[in-house]
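*Asks:* Sharing a structure below in structure tokens format, with a few things to ask.
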Amino acid sequence: MKLIFQFIRPHWKLCVITIALLIFDVTGALIVSTLAAQMLNLGTSGAAFELLLDTGLRMALVSVLSCACTILGGYTCASLSAKVGKDMRVAIYKKSLKLSIYDFRHFGTASITTRTVSDITTIQFALTSFIQMVMPVPVIFIVALALAFRLDVEMGLILLVVVAIVFLLAMLIMRSASPLFRKLQKLLDRMTTILLGNITGVRVVRALVSLPLTLRQMLR
């Protein structure tokens, strides 16, 4: 994570804008749900039409703002991920030019190819998924707990217990997934090595196949 933060730091303004849009998007979605429940309560209690119209207009306004934040947040998130990936590829390319022949043989062509192409693509996908899927979770928890405690303290306590259980399960899943990811990287290196060997051996096979034909032409 420290290495990724080094590449995110030059684009910190774009990162802050992305996180702010994400917070507004999640908060707006929860506020719309709260206003919908409020409108339902007003409708069943026989409230005036003007009050229902006012609540509906607020729901429409919040929905439009939340939708705009969702679109802009997706664009800024994709832009941030693309810029981070570009900087990583440039850094790996410059570092590979400084490697000695011994270091190049130590890492291997397959490993360097995997690090440049597959790993950086995985990091970009992980960064996008983290911003769009993981970061909204604590925001949802905080806003939902605040709204729940505002309505009923007992319901808020129940939701707090559920949040703690979900957090523990997420930590267990992350700990179990880390060794699988390391194993996957080793398998990718091995697959790239085998594929590179097959591609390199194509010329040798073609040369051996065309050798008898060349001898026949020479004898003629």
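We name chains A, B, ... following the order of the structure tokens; residues begin at 1 in each chain, and ligands are numbered from 1 as shown.
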Might you pull out every residue within 10 Å of A:Gly85, with only C-alpha atoms counted and same-chain residues fewer than 2 positions away left off, and present them as a ChimeraX atom specification?
*Replies:* /A:4,7-8,79-83,87-91,116-117,119-125,127
*Asks:* I'd like the contact shell of A:Arg58 - 12 Å cut-off, only C-alpha atoms, skipping same-chain residues fewer than 2 positions apart - returned as JSON, numbers by chain.
*Replies:* {"A": [28, 31, 32, 33, 34, 35, 36, 38, 39, 51, 52, 53, 54, 55, 56, 60, 61, 62, 63, 64, 65]}
*Asks:* Can you tell me how far atom CA of A:Val137 sits from atom CA of A:Pro10, in Å to one decimal?
*Replies:*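 We find that atom CA of A:Val137 and atom CA of A:Pro10 lie 25.7 Å from each other.
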*Asks:* Choose the residue, out of A:Arg150, A:Leu180, A:Thr70, A:Phe141, that has the smallest atom-to-atom separation from A:Val162; count only C-alpha atoms.
*Replies:*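 Going through A:Arg150, A:Leu180, A:Thr70, A:Phe141 one by one, the smallest distance to A:Val162 is for A:Phe141.
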*Asks:* Between A:Val26, A:Leu151, A:Ile17, A:Ala146, single out the one closest to A:Thr76, counting only C-alpha atoms.
*Replies:*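 Smallest distance to A:Thr76 is found for A:Ile17.
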*Asks:* Would you mind telling me which residue in A:Leu172, A:Ile112, A:Ala20, A:Val161 lies nearest to A:Pro136 when using only C-alpha atoms?
*Replies:*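 Going through A:Leu172, A:Ile112, A:Ala20, A:Val161 one by one, the smallest distance to A:Pro136 is for A:Ala20.
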*Asks:* Report, in Å with one decimal, the straight-line distance from atom CA of A:Ile131 to atom CA of A:Thr18.
*Replies:*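 Result for atom CA of A:Ile131 versus atom CA of A:Thr18: 8.3 Å, one decimal.
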*Asks:* Enter the distance from atom CA of A:Asp152 to atom CA of A:Ala37, in Å, rounded to one decimal.
*Replies:* 14.2 Å
